[in-house]
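Listing of protein.txt, compact mmCIF, C-alpha atoms
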# COMPACT_ATOMS: atom_id res chain seq x y z
CA MET A 447 16.93 0.04 -48.72
CA ILE A 448 19.92 -1.63 -47.12
CA PRO A 449 23.50 -0.39 -47.59
CA ALA A 450 25.91 -2.37 -49.76
CA LYS A 451 28.30 -4.58 -47.83
CA PHE A 452 31.21 -2.97 -46.04
CA ASP A 453 33.75 -3.81 -43.37
CA TYR A 454 33.48 -1.98 -40.10
CA VAL A 455 36.13 -0.86 -37.64
CA ARG A 456 35.74 1.10 -34.43
CA PRO A 457 39.16 2.37 -33.34
CA SER A 458 39.66 3.64 -29.81
CA THR A 459 42.24 6.35 -30.56
CA VAL A 460 42.68 9.00 -33.23
CA GLU A 461 46.01 7.39 -34.23
CA GLU A 462 44.30 4.05 -34.86
CA ALA A 463 41.58 5.81 -36.83
CA VAL A 464 44.13 7.60 -39.04
CA SER A 465 45.96 4.35 -39.65
CA ALA A 466 42.71 2.52 -40.49
CA LEU A 467 41.83 5.32 -42.89
CA GLN A 468 45.20 5.08 -44.61
CA GLN A 469 44.94 1.31 -44.90
CA GLY A 470 41.44 1.64 -46.30
CA GLY A 471 42.57 4.01 -49.03
CA ASP A 472 40.11 5.67 -51.38
CA ASP A 473 37.25 3.37 -50.48
CA ALA A 474 37.33 4.02 -46.74
CA LYS A 475 34.74 6.30 -45.20
CA ILE A 476 34.61 7.89 -41.77
CA ILE A 477 31.30 7.69 -39.90
CA ALA A 478 30.71 10.29 -37.19
CA GLY A 479 27.03 10.51 -36.19
CA GLY A 480 25.98 8.96 -39.48
CA GLN A 481 22.94 11.16 -39.99
CA SER A 482 24.06 12.18 -43.47
CA LEU A 483 26.18 9.13 -44.30
CA LEU A 484 23.64 6.41 -43.48
CA PRO A 485 20.93 7.80 -45.76
CA VAL A 486 23.56 8.05 -48.51
CA LEU A 487 24.62 4.44 -47.91
CA ARG A 488 21.03 3.24 -47.78
CA LEU A 489 20.25 4.91 -51.08
CA ARG A 490 23.49 3.36 -52.39
CA LEU A 491 24.78 6.72 -53.50
CA ALA A 492 28.03 5.57 -51.92
CA ALA A 493 29.42 2.10 -51.29
CA PRO A 494 32.62 2.31 -49.24
CA SER A 495 34.60 -0.89 -48.68
CA VAL A 496 35.30 0.00 -45.06
CA VAL A 497 33.48 2.28 -42.62
CA ILE A 498 35.56 3.67 -39.76
CA ASP A 499 33.43 4.60 -36.76
CA LEU A 500 34.80 7.42 -34.57
CA GLY A 501 32.19 6.59 -31.91
CA GLY A 502 34.72 4.62 -29.85
CA ILE A 503 36.96 7.62 -29.12
CA PRO A 504 35.47 9.38 -26.06
CA GLU A 505 37.95 12.30 -26.12
CA LEU A 506 36.44 13.46 -29.42
CA ARG A 507 33.17 14.29 -27.62
CA ARG A 508 34.75 16.71 -25.16
CA ILE A 509 33.81 20.38 -24.98
CA ALA A 510 36.33 22.43 -23.00
CA GLU A 511 37.66 25.90 -22.39
CA ASP A 512 41.16 26.33 -23.78
CA GLY A 513 42.48 29.80 -22.99
CA ASP A 514 40.62 32.30 -25.15
CA ARG A 515 38.90 29.54 -27.10
CA ILE A 516 36.20 26.95 -26.69
CA ALA A 517 37.46 23.66 -28.09
CA ILE A 518 34.73 21.30 -29.24
CA GLY A 519 35.53 17.70 -30.09
CA ALA A 520 34.46 16.78 -33.61
CA MET A 521 32.22 14.00 -32.25
CA ALA A 522 30.28 16.23 -29.84
CA PRO A 523 26.62 15.62 -30.75
CA HIS A 524 24.47 18.61 -31.72
CA HIS A 525 22.32 17.98 -28.65
CA ASP A 526 25.37 18.40 -26.38
CA VAL A 527 26.72 21.44 -28.24
CA MET A 528 23.45 23.37 -28.09
CA ARG A 529 23.06 22.76 -24.35
CA ASP A 530 26.65 23.14 -23.21
CA ASP A 531 27.08 26.01 -20.73
CA LEU A 532 30.46 27.09 -22.14
CA VAL A 533 29.06 27.18 -25.68
CA LYS A 534 25.95 29.05 -24.55
CA GLU A 535 28.02 31.68 -22.77
CA HIS A 536 30.93 32.18 -25.17
CA VAL A 537 29.71 30.94 -28.57
CA THR A 538 26.00 31.67 -28.27
CA LEU A 539 25.50 31.84 -32.03
CA LEU A 540 26.65 28.23 -32.41
CA SER A 541 24.23 27.11 -29.73
CA GLN A 542 21.38 28.98 -31.44
CA ALA A 543 22.14 27.64 -34.93
CA THR A 544 22.63 24.08 -33.69
CA ALA A 545 19.18 24.14 -32.11
CA THR A 546 17.71 24.66 -35.60
CA VAL A 547 19.46 21.64 -37.16
CA ALA A 548 17.07 18.90 -38.28
CA ASP A 549 15.06 17.40 -35.39
CA PRO A 550 15.70 16.02 -31.88
CA GLN A 551 16.48 12.47 -33.02
CA VAL A 552 19.02 13.67 -35.58
CA ARG A 553 20.53 16.10 -33.05
CA HIS A 554 21.07 13.23 -30.62
CA ARG A 555 23.24 11.36 -33.16
CA GLY A 556 24.55 14.03 -35.54
CA THR A 557 27.81 15.73 -34.63
CA LEU A 558 29.40 19.16 -35.07
CA GLY A 559 32.47 17.71 -36.79
CA GLY A 560 30.46 15.37 -38.98
CA ALA A 561 28.22 18.17 -40.21
CA LEU A 562 31.16 20.49 -40.93
CA ALA A 563 33.23 17.79 -42.65
CA HIS A 564 30.21 16.80 -44.77
CA ALA A 565 30.05 20.46 -45.85
CA ASP A 566 26.58 20.49 -47.31
CA PRO A 567 26.11 24.12 -48.38
CA ALA A 568 22.59 24.01 -46.93
CA GLY A 569 23.94 22.91 -43.54
CA ASP A 570 23.58 25.46 -40.77
CA LEU A 571 26.88 25.24 -38.94
CA GLY A 572 29.34 26.17 -41.69
CA ALA A 573 28.15 29.78 -41.84
CA VAL A 574 28.56 30.03 -38.08
CA ALA A 575 32.08 28.55 -38.09
CA LEU A 576 33.07 30.86 -40.93
CA ALA A 577 31.58 34.03 -39.44
CA LEU A 578 33.08 33.31 -36.03
CA GLU A 579 36.52 32.49 -37.49
CA ALA A 580 36.71 29.00 -36.00
CA GLU A 581 39.82 26.86 -36.43
CA PHE A 582 39.71 23.25 -37.57
CA VAL A 583 42.14 20.77 -36.05
CA ILE A 584 42.88 17.99 -38.53
CA ALA A 585 44.85 14.85 -37.69
CA GLY A 586 46.93 12.88 -40.18
CA SER A 587 49.81 10.43 -40.15
CA SER A 588 52.34 13.21 -39.51
CA GLY A 589 50.46 14.79 -36.62
CA THR A 590 47.88 17.55 -36.53
CA ARG A 591 47.48 20.79 -38.41
CA THR A 592 45.12 23.69 -37.89
CA VAL A 593 43.14 25.24 -40.71
CA PRO A 594 41.26 28.55 -40.40
CA ALA A 595 37.57 28.49 -41.36
CA ALA A 596 38.28 30.83 -44.28
CA GLU A 597 40.34 28.03 -45.87
CA PHE A 598 38.34 25.02 -44.65
CA PHE A 599 35.34 25.18 -46.98
CA VAL A 600 36.65 24.55 -50.47
CA ASP A 601 33.62 23.68 -52.59
CA TYR A 602 30.31 21.80 -52.65
CA PHE A 603 30.74 18.95 -50.09
CA THR A 604 34.51 19.56 -50.21
CA THR A 605 36.76 20.74 -47.39
CA ALA A 606 40.46 21.14 -46.67
CA ILE A 607 40.50 17.72 -44.98
CA GLY A 608 42.94 15.72 -47.10
CA GLU A 609 43.08 12.02 -47.91
CA GLY A 610 43.98 10.01 -44.83
CA GLU A 611 43.07 12.90 -42.52
CA ILE A 612 40.38 13.25 -39.83
CA LEU A 613 38.78 16.36 -38.36
CA THR A 614 39.23 16.04 -34.59
CA GLN A 615 38.31 19.39 -33.07
CA VAL A 616 36.75 22.73 -33.89
CA ARG A 617 38.01 25.70 -31.89
CA PHE A 618 35.91 28.83 -31.56
CA PRO A 619 37.23 32.16 -30.26
CA LYS A 620 35.13 33.44 -27.35
CA TYR A 621 32.47 35.97 -28.25
CA THR A 622 31.41 36.57 -24.68
CA GLY A 623 28.79 39.29 -24.41
CA TRP A 624 28.21 39.56 -28.17
CA SER A 625 24.64 39.84 -29.44
CA THR A 626 23.80 37.01 -31.79
CA HIS A 627 21.01 35.46 -33.83
CA TYR A 628 20.60 32.70 -36.42
CA GLU A 629 17.77 33.42 -38.85
CA LYS A 630 16.75 30.31 -40.78
CA PHE A 631 14.23 30.19 -43.58
CA ASN A 632 12.70 26.87 -44.61
CA ARG A 633 9.30 25.63 -45.65
CA THR A 634 8.59 22.74 -43.33
CA ALA A 635 9.67 21.25 -40.02
CA GLN A 636 13.12 19.59 -40.10
CA ALA A 637 13.83 20.91 -43.62
CA TRP A 638 17.22 22.23 -44.69
CA SER A 639 17.72 25.99 -44.93
CA MET A 640 16.65 27.56 -48.20
CA VAL A 641 18.76 30.45 -46.96
CA ALA A 642 19.89 31.31 -43.46
CA VAL A 643 21.92 34.09 -41.88
CA ALA A 644 24.24 33.90 -38.89
CA ALA A 645 24.81 37.24 -37.17
CA ALA A 646 27.06 38.22 -34.28
CA LEU A 647 27.45 41.83 -33.18
CA ARG A 648 29.44 43.64 -30.55
CA VAL A 649 27.31 46.61 -29.62
CA GLU A 650 28.92 49.47 -27.75
CA GLY A 651 27.09 52.58 -26.60
CA GLY A 652 24.15 51.91 -28.91
CA SER A 653 26.17 51.44 -32.09
CA ILE A 654 27.70 48.39 -33.75
CA ALA A 655 31.42 48.16 -33.00
CA GLU A 656 32.06 44.80 -34.71
CA ALA A 657 29.94 42.54 -36.89
CA ARG A 658 30.29 38.97 -38.17
CA ILE A 659 27.77 37.77 -40.75
CA GLY A 660 27.69 34.31 -42.38
CA LEU A 661 25.33 33.08 -45.10
CA THR A 662 24.00 29.54 -45.48
CA ASN A 663 23.10 28.12 -48.92
CA MET A 664 24.06 31.17 -50.99
CA GLY A 665 26.84 29.38 -52.87
CA THR A 666 28.76 26.13 -52.99
CA THR A 667 30.28 26.91 -49.57
CA PRO A 668 29.21 29.03 -46.61
CA ILE A 669 29.84 32.70 -47.38
CA ARG A 670 31.06 35.53 -45.18
CA ALA A 671 29.10 38.71 -45.90
CA THR A 672 31.98 41.14 -45.45
CA GLY A 673 30.19 43.92 -47.32
CA VAL A 674 27.38 43.81 -44.77
CA GLU A 675 29.85 43.67 -41.89
CA GLN A 676 31.69 46.78 -43.11
CA ALA A 677 28.46 48.67 -43.68
CA LEU A 678 27.21 47.86 -40.17
CA VAL A 679 30.28 48.96 -38.23
CA GLY A 680 29.87 52.36 -36.64
CA GLN A 681 26.12 52.40 -37.32
CA PRO A 682 23.32 52.41 -34.77
CA ALA A 683 21.26 49.21 -34.89
CA THR A 684 18.18 50.91 -36.28
CA ALA A 685 15.86 49.42 -38.88
CA ASP A 686 16.93 51.94 -41.55
CA SER A 687 20.68 51.55 -41.15
CA VAL A 688 20.44 47.76 -40.88
CA ARG A 689 18.29 47.54 -43.99
CA ALA A 690 20.78 49.65 -45.93
CA ALA A 691 23.68 47.45 -44.79
CA ALA A 692 21.72 44.29 -45.65
CA GLU A 693 21.60 45.38 -49.30
CA HIS A 694 25.24 44.21 -49.48
CA ALA A 695 24.24 40.64 -48.54
CA THR A 696 24.40 39.27 -52.08
CA GLU A 697 27.92 40.52 -52.81
CA GLY A 698 30.19 37.60 -53.63
CA THR A 699 27.36 35.05 -53.55
CA ALA A 700 26.43 32.50 -56.20
CA ALA A 701 23.00 31.35 -55.07
CA PRO A 702 21.85 27.99 -56.44
CA SER A 703 18.52 27.45 -58.17
CA ASP A 704 16.72 24.27 -57.20
CA ALA A 705 13.29 22.86 -56.43
CA ASP A 706 13.09 24.96 -53.25
CA ALA A 707 13.96 28.35 -54.66
CA ALA A 708 15.33 30.14 -57.70
CA ALA A 709 18.59 32.08 -57.35
CA ASP A 710 16.93 35.49 -57.53
CA TYR A 711 14.50 34.53 -54.78
CA ARG A 712 17.43 33.39 -52.64
CA GLU A 713 19.12 36.75 -53.26
CA HIS A 714 15.98 38.50 -52.07
CA LEU A 715 15.87 36.22 -49.02
CA ALA A 716 19.53 36.86 -48.19
CA LYS A 717 18.88 40.59 -47.89
CA VAL A 718 15.65 40.28 -45.95
CA LEU A 719 16.99 37.61 -43.59
CA THR A 720 20.23 39.53 -43.01
CA GLY A 721 18.15 42.50 -41.88
CA ARG A 722 16.07 40.28 -39.61
CA ALA A 723 19.09 38.50 -38.17
CA VAL A 724 20.94 41.71 -37.35
CA LEU A 725 17.90 43.39 -35.83
CA ALA A 726 17.04 40.31 -33.80
CA ALA A 727 20.64 40.06 -32.59
CA ALA A 728 20.71 43.73 -31.64
CA GLY A 729 17.46 43.13 -29.76
CA MET B 874 30.44 -10.13 -39.37
CA ALA B 875 30.60 -8.04 -36.25
CA GLU B 876 29.47 -8.70 -32.74
CA VAL B 877 26.77 -6.64 -31.11
CA ARG B 878 25.95 -6.85 -27.42
CA VAL B 879 22.95 -4.80 -26.55
CA THR B 880 20.17 -4.58 -23.99
CA VAL B 881 16.78 -4.23 -25.61
CA ASP B 882 13.70 -3.60 -23.47
CA GLY B 883 15.57 -4.91 -20.44
CA VAL B 884 16.86 -8.14 -22.02
CA ASN B 885 20.54 -8.71 -22.92
CA TYR B 886 21.38 -9.95 -26.41
CA ALA B 887 24.66 -10.89 -28.08
CA ASP B 888 24.56 -11.46 -31.82
CA GLU B 889 26.76 -11.67 -34.87
CA VAL B 890 25.49 -9.21 -37.45
CA GLU B 891 26.59 -7.87 -40.79
CA PRO B 892 28.04 -4.37 -40.24
CA ARG B 893 25.55 -2.98 -42.74
CA MET B 894 22.56 -4.16 -40.70
CA LEU B 895 20.50 -1.19 -39.52
CA LEU B 896 19.35 -1.07 -35.92
CA VAL B 897 15.73 -1.17 -37.05
CA GLN B 898 16.35 -4.35 -39.07
CA TYR B 899 18.07 -5.92 -36.09
CA LEU B 900 15.14 -5.11 -33.83
CA ARG B 901 12.50 -6.33 -36.26
CA GLU B 902 14.16 -9.22 -38.07
CA ARG B 903 16.47 -10.67 -35.41
CA LEU B 904 14.58 -9.91 -32.24
CA GLY B 905 11.08 -9.95 -33.71
CA LYS B 906 10.30 -6.56 -32.23
CA THR B 907 8.01 -5.48 -35.03
CA GLY B 908 6.38 -2.80 -32.91
CA THR B 909 9.06 -0.49 -34.28
CA LEU B 910 8.03 0.39 -37.83
CA ILE B 911 9.91 1.35 -40.97
CA GLY B 912 8.30 4.28 -42.71
CA CYS B 913 10.23 6.38 -45.15
CA ASP B 914 13.72 5.02 -45.77
CA THR B 915 15.00 8.60 -45.89
CA SER B 916 15.41 9.46 -42.18
CA ASN B 917 12.51 11.88 -42.34
CA CYS B 918 9.46 10.21 -40.89
CA GLY B 919 10.53 9.05 -37.43
CA ALA B 920 8.29 5.95 -37.47
CA CYS B 921 11.32 3.89 -36.42
CA THR B 922 12.13 6.06 -33.37
CA VAL B 923 13.52 4.15 -30.37
CA HIS B 924 15.63 5.27 -27.44
CA LEU B 925 19.36 4.48 -27.51
CA ASN B 926 21.05 5.09 -24.18
CA GLY B 927 18.10 7.20 -23.06
CA GLN B 928 17.84 9.42 -26.15
CA SER B 929 15.44 9.23 -29.07
CA VAL B 930 17.05 8.14 -32.34
CA LYS B 931 15.82 7.07 -35.76
CA SER B 932 16.74 3.39 -35.81
CA CYS B 933 16.91 3.40 -39.61
CA SER B 934 19.85 5.77 -39.32
CA VAL B 935 21.89 3.87 -36.76
CA LEU B 936 23.84 0.71 -37.56
CA ALA B 937 23.18 -2.20 -35.22
CA VAL B 938 26.93 -2.31 -34.51
CA GLN B 939 26.82 1.33 -33.41
CA ALA B 940 24.43 0.29 -30.65
CA ASP B 941 27.02 -2.18 -29.34
CA GLY B 942 27.32 -1.87 -25.56
CA GLY B 943 24.20 0.25 -25.43
CA GLU B 944 20.70 0.09 -24.09
CA VAL B 945 17.72 0.26 -26.42
CA LEU B 946 14.13 0.92 -25.43
CA THR B 947 11.42 0.26 -28.00
CA ILE B 948 7.68 0.83 -27.90
CA GLU B 949 7.37 -2.79 -26.76
CA GLY B 950 9.31 -2.12 -23.57
CA LEU B 951 7.36 0.94 -22.51
CA ALA B 952 4.51 -0.71 -20.63
CA ARG B 953 5.44 -2.00 -17.15
CA ASP B 954 3.79 -5.00 -15.53
CA GLY B 955 0.92 -4.89 -18.00
CA GLU B 956 0.31 -1.22 -17.26
CA LEU B 957 0.57 1.12 -20.24
CA HIS B 958 2.98 4.05 -20.01
CA PRO B 959 1.14 7.37 -19.40
CA VAL B 960 2.01 8.52 -22.92
CA GLN B 961 0.42 5.36 -24.35
CA LYS B 962 -2.64 5.92 -22.17
CA ALA B 963 -2.90 9.53 -23.26
CA PHE B 964 -2.70 8.61 -26.96
CA ASN B 965 -5.49 6.13 -26.34
CA GLU B 966 -7.64 8.57 -24.35
CA CYS B 967 -7.20 11.55 -26.68
CA HIS B 968 -7.32 9.45 -29.84
CA GLY B 969 -3.80 10.59 -30.81
CA LEU B 970 -3.80 8.53 -33.98
CA GLN B 971 -5.67 7.91 -37.18
CA CYS B 972 -4.13 5.05 -39.15
CA GLY B 973 -1.65 4.41 -36.33
CA TYR B 974 1.43 3.89 -38.46
CA CYS B 975 3.36 6.81 -36.95
CA THR B 976 2.18 6.05 -33.41
CA PRO B 977 5.06 3.95 -32.02
CA GLY B 978 7.58 6.55 -33.20
CA MET B 979 5.41 9.45 -32.03
CA ILE B 980 5.09 7.90 -28.59
CA MET B 981 8.83 7.26 -28.28
CA ALA B 982 9.58 10.84 -29.39
CA ALA B 983 7.00 12.15 -26.91
CA VAL B 984 8.46 10.14 -24.03
CA ASP B 985 11.87 11.63 -24.80
CA LEU B 986 10.40 15.13 -25.02
CA LEU B 987 8.59 14.84 -21.68
CA GLY B 988 11.71 13.48 -19.99
CA ASP B 989 13.45 16.64 -21.09
CA ASN B 990 10.62 19.11 -20.63
CA PRO B 991 7.89 17.80 -18.30
CA ASP B 992 5.49 20.65 -19.01
CA PRO B 993 5.76 21.71 -22.66
CA ASP B 994 3.43 24.28 -24.18
CA GLU B 995 1.84 23.54 -27.54
CA GLY B 996 4.70 25.09 -29.50
CA GLU B 997 7.26 23.09 -27.57
CA VAL B 998 5.34 19.87 -28.24
CA ARG B 999 5.25 20.63 -31.96
CA GLU B 1000 9.00 21.36 -31.96
CA GLY B 1001 9.67 18.27 -29.87
CA ILE B 1002 7.95 15.94 -32.32
CA GLU B 1003 9.15 17.68 -35.47
CA GLY B 1004 11.18 14.61 -36.37
CA ASN B 1005 8.00 12.55 -36.70
CA LEU B 1006 5.55 12.78 -39.57
CA CYS B 1007 1.89 11.78 -39.47
CA ARG B 1008 0.78 11.19 -43.05
CA CYS B 1009 -2.85 11.34 -41.92
CA THR B 1010 -1.97 14.87 -40.73
CA GLY B 1011 -3.58 14.03 -37.41
CA TYR B 1012 -1.35 16.34 -35.44
CA GLN B 1013 -4.05 18.09 -33.38
CA ASN B 1014 -4.88 15.06 -31.28
CA ILE B 1015 -1.25 13.97 -31.14
CA VAL B 1016 -0.32 17.31 -29.58
CA ARG B 1017 -3.28 17.02 -27.20
CA SER B 1018 -2.15 13.52 -26.26
CA VAL B 1019 1.34 14.66 -25.39
CA GLN B 1020 0.02 17.52 -23.26
CA ARG B 1021 -2.45 15.16 -21.58
CA ALA B 1022 0.41 12.76 -20.84
CA ALA B 1023 2.37 15.63 -19.30
CA GLN B 1024 -0.54 16.28 -16.93
CA MET B 1025 -0.79 12.60 -16.05
CA MET B 1026 2.93 12.36 -15.35
CA LYS B 1027 3.05 15.34 -13.00
CA PRO B 1028 4.02 14.31 -9.48
CA GLY B 1029 0.88 13.74 -7.44
CA ALA B 1030 -1.36 13.55 -10.52
CA SER B 1031 -4.35 11.28 -10.03
CA ALA B 1032 -4.97 8.26 -12.18
CA PRO B 1033 -6.22 9.17 -15.63
CA THR B 1034 -9.92 9.50 -16.02
CA GLU B 1035 -11.88 8.71 -19.12
CA THR B 1036 -12.49 11.84 -21.14
CA PRO B 1037 -14.18 11.91 -24.51
CA ALA B 1038 -11.75 11.97 -27.41
CA PRO B 1039 -11.66 15.31 -29.19
CA VAL B 1040 -12.88 14.99 -32.75
CA ALA B 1041 -11.53 16.69 -35.87
CA GLY B 1042 -12.42 20.36 -35.96
CA ASP B 1043 -12.92 20.40 -32.22
Represent the structure of the file as structure tokens.
Amino acid sequence: MIPAKFDYVRPSTVEEAVSALQQGGDDAKIIAGGQSLLPVLRLRLAAPSVVIDLGGIPELRRIAEDGDRIAIGAMAPHHDVMRDDLVKEHVTLLSQATATVADPQVRHRGTLGGALAHADPAGDLGAVALALEAEFVIAGSSGTRTVPAAEFFVDYFTTAIGEGEILTQVRFPKYTGWSTHYEKFNRTAQAWSMVAVAAALRVEGGSIAEARIGLTNMGTTPIRATGVEQALVGQPATADSVRAAAEHATEGTAAPSDADAAADYREHLAKVLTGRAVLAAAG
Amino acid sequence: MAEVRVTVDGVNYADEVEPRMLLVQYLRERLGKTGTLIGCDTSNCGACTVHLNGQSVKSCSVLAVQADGGEVLTIEGLARDGELHPVQKAFNECHGLQCGYCTPGMIMAAVDLLGDNPDPDEGEVREGIEGNLCRCTGYQNIVRSVQRAAQMMKPGASAPTETPAPVAGD
């Protein structure tokens, strides 16, 4: 199907984009890579009056080191993020999870910021941003503000980005030398995660000194598995201790039931995949 | 209306298009490049795969205006001087198709894959074409075709020789 009619603007600065968004009001829609938005428009699940394309703002594609952080422009395509040397070295988990998103064609167009702002609970990158305590830089008419990941994901497809605001950058603390793994469970190639687990560990002298665990598709937002994290710290990364810690994986979750899986099956998966993710990360 | 200036298969075009026009519609309906097919309408099947600025994309999920200033390569621009691209030859030789509907997209995805990884193993081929569905489920010969193309494209490789097409269950 063909999208309903809309006007199209391609601003060349963030300021112009914010002003176009404010002029467009409720009916304006930002397009980043368009890999979620265009199917929605084609199916006519949405019919914005104006589409504002961020593709004309080159600075939004930059990936750079900024002190103790790696700052990734919201329009950096998945393909660039997963191959970037800085990301691979300092935010390895993001690189690993991004490589599992969709398929090569979608990764060429789809963007980190677009995926996070879309906030599909089955999307892979929210759990990573949450577990790694990323910061979200959001631009509006009165300048920019920074929102921590713990406050960014509000609900199903809903984030802290307000009306008239645009996500411009995602900043990840460096996790240099951490052991990481993204364990994704789905049925077919290019399918969304039924459940997935993002794990980052700092291992010191054979035991886990720090742990960050994020869950994909176990609620209406990505979920931080703090119970698992606490149970892992101070433990050796052995199968028995990891399995015991993974029993905490369902705490604070509200797994959905849908055509892919019932909630209780997802709860089972969360525990099993948490164990696998932590053991794989620990190597 | 919006203006789109784009190079498609080596030819420059400038057109006024509706912003909602998809790249695949532009290619097929404006430029008559019907070698690029529409399959699923849900971004899943990859039949409409073309290259935009050297990277494979699903042209049903790109607006024509988003390609403005860019360079598009379709299946119709792959052959040079009447000589098929090695990936096209390999699909022919290894019978990498059944009904053929997915073939243009498969070939464009495979060309992108081999540009990135000139010597993929079977697993890497399957990952590399995971954005393309073959409803005939004819993946075995498609994977063989891509690996055959990789051999043919190696520096110093001799011209392809006729080999019998593997048959199902082979």
What separation in Å, quoted to one decimal, exists between CA of Tyr974 in chain B and CA of Gly883 in chain B?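 Between CA of Tyr974 in chain B and CA of Gly883 in chain B the gap works out to 24.5 Å.
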Would you list the contacts of Leu1006 in chain B as a PDB file with C-alpha atoms, in the frame of the given file, taking every protein, DNA or RNA residue within 12 Å and counting all atoms listed in the file, but skipping same-chain residues closer than 3 positions in sequence?
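Output below, filename part.pdb:
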ATOM      1  CA  ASP A 549      15.060  17.400 -35.390  1.00  0.00           C
ATOM      2  CA  THR A 634       8.590  22.740 -43.330  1.00  0.00           C
ATOM      3  CA  ALA A 635       9.670  21.250 -40.020  1.00  0.00           C
ATOM      4  CA  GLN A 636      13.120  19.590 -40.100  1.00  0.00           C
TER       5      GLN A 636
ATOM      6  CA  GLY B 912       8.300   4.280 -42.710  1.00  0.00           C
ATOM      7  CA  CYS B 913      10.230   6.380 -45.150  1.00  0.00           C
ATOM      8  CA  SER B 916      15.410   9.460 -42.180  1.00  0.00           C
ATOM      9  CA  ASN B 917      12.510  11.880 -42.340  1.00  0.00           C
ATOM     10  CA  CYS B 918       9.460  10.210 -40.890  1.00  0.00           C
ATOM     11  CA  GLY B 919      10.530   9.050 -37.430  1.00  0.00           C
ATOM     12  CA  ALA B 920       8.290   5.950 -37.470  1.00  0.00           C
ATOM     13  CA  CYS B 921      11.320   3.890 -36.420  1.00  0.00           C
ATOM     14  CA  THR B 922      12.130   6.060 -33.370  1.00  0.00           C
ATOM     15  CA  LEU B 970      -3.800   8.530 -33.980  1.00  0.00           C
ATOM     16  CA  GLY B 973      -1.650   4.410 -36.330  1.00  0.00           C
ATOM     17  CA  TYR B 974       1.430   3.890 -38.460  1.00  0.00           C
ATOM     18  CA  CYS B 975       3.360   6.810 -36.950  1.00  0.00           C
ATOM     19  CA  THR B 976       2.180   6.050 -33.410  1.00  0.00           C
ATOM     20  CA  PRO B 977       5.060   3.950 -32.020  1.00  0.00           C
ATOM     21  CA  GLY B 978       7.580   6.550 -33.200  1.00  0.00           C
ATOM     22  CA  MET B 979       5.410   9.450 -32.030  1.00  0.00           C
ATOM     23  CA  ALA B 982       9.580  10.840 -29.390  1.00  0.00           C
ATOM     24  CA  ARG B 999       5.250  20.630 -31.960  1.00  0.00           C
ATOM     25  CA  GLU B1000       9.000  21.360 -31.960  1.00  0.00           C
ATOM     26  CA  GLY B1001       9.670  18.270 -29.870  1.00  0.00           C
ATOM     27  CA  ILE B1002       7.950  15.940 -32.320  1.00  0.00           C
ATOM     28  CA  GLU B1003       9.150  17.680 -35.470  1.00  0.00           C
ATOM     29  CA  CYS B1009      -2.850  11.340 -41.920  1.00  0.00           C
ATOM     30  CA  THR B1010      -1.970  14.870 -40.730  1.00  0.00           C
ATOM     31  CA  GLY B1011      -3.580  14.030 -37.410  1.00  0.00           C
ATOM     32  CA  TYR B1012      -1.350  16.340 -35.440  1.00  0.00           C
ATOM     33  CA  ILE B1015      -1.250  13.970 -31.140  1.00  0.00           C
TER      34      ILE B1015
END
With only C-alpha atoms as the atoms that count, which of B:Gly988, B:Gln928, B:Met981, B:Asp954 lies nearest to Asp526 in chain A?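 Using only C-alpha atoms, the shortest distance to Asp526 in chain A belongs to B:Gln928.
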Per residue of chain A within 8 Å of chain B, record the nearest atom pair and its distance in Å to one decimal, counting all atoms listed in the file, with rows in chain order and ascending residue number, as CSV.
residue,atom,partner,partner_atom,distance
A:Met447,CA,B:Asp914,CA,6.6
A:Ile448,CA,B:Arg893,CA,7.3
A:Pro449,CA,B:Arg893,CA,5.9
A:Ala450,CA,B:Arg893,CA,7.1
A:Lys451,CA,B:Arg893,CA,6.0
A:Phe452,CA,B:Arg893,CA,6.6
A:Asp453,CA,B:Pro892,CA,6.5
A:Tyr454,CA,B:Pro892,CA,5.9
A:Gly480,CA,B:Ser934,CA,6.9
A:Gln481,CA,B:Ser934,CA,6.2
A:Leu484,CA,B:Ser934,CA,5.7
A:Pro485,CA,B:Thr915,CA,6.0
A:Arg488,CA,B:Asp914,CA,7.8
A:Gly501,CA,B:Gln939,CA,7.7
A:Ala548,CA,B:Gly1004,CA,7.5
A:Asp549,CA,B:Gly1004,CA,4.9
A:Pro550,CA,B:Gly1004,CA,6.5
A:Gln551,CA,B:Val930,CA,4.4
A:Val552,CA,B:Val930,CA,6.7
A:His554,CA,B:Gln928,CA,6.7
A:Arg555,CA,B:Val930,CA,7.0
A:Ala635,CA,B:Glu1003,CA,5.8
A:Gln636,CA,B:Glu1003,CA,6.4
Selection near Leu904 in chain B, 12 Å with only C-alpha atoms, sequence-local residues under 2 positions removed, as a PyMOL selection string: chain B and resi 879-882+884-888+896-902+906-909+937+947+949
Determine the nearest neighbour of Pro668 in chain A from the options A:Thr604, A:Gln542, A:Ser495, A:Ser687, counting all atoms listed in the file. A:Thr604
Which is closest to Val1016 in chain B among B:Pro991, B:Gly942, B:Val984, B:Phe964, if we use all atoms listed in the file? B:Phe964
Selection: 8 Å around Asp499 in chain A, all atoms listed in the file, excl. self and same-chain fewer than 5 positions, as an mmCIF file with C-alpha atoms, keeping the file's coordinate frame:
data_model
loop_
_atom_site.group_PDB
_atom_site.id
_atom_site.type_symbol
_atom_site.label_atom_id
_atom_site.label_comp_id
_atom_site.auth_asym_id
_atom_site.auth_seq_id
_atom_site.Cartn_x
_atom_site.Cartn_y
_atom_site.Cartn_z
ATOM 1 C CA TYR A 454 33.480 -1.980 -40.100
ATOM 2 C CA VAL A 455 36.130 -0.860 -37.640
ATOM 3 C CA ARG A 456 35.740 1.100 -34.430
ATOM 4 C CA PRO A 457 39.160 2.370 -33.340
ATOM 5 C CA ILE A 476 34.610 7.890 -41.770
ATOM 6 C CA ILE A 477 31.300 7.690 -39.900
ATOM 7 C CA ALA A 478 30.710 10.290 -37.190
#
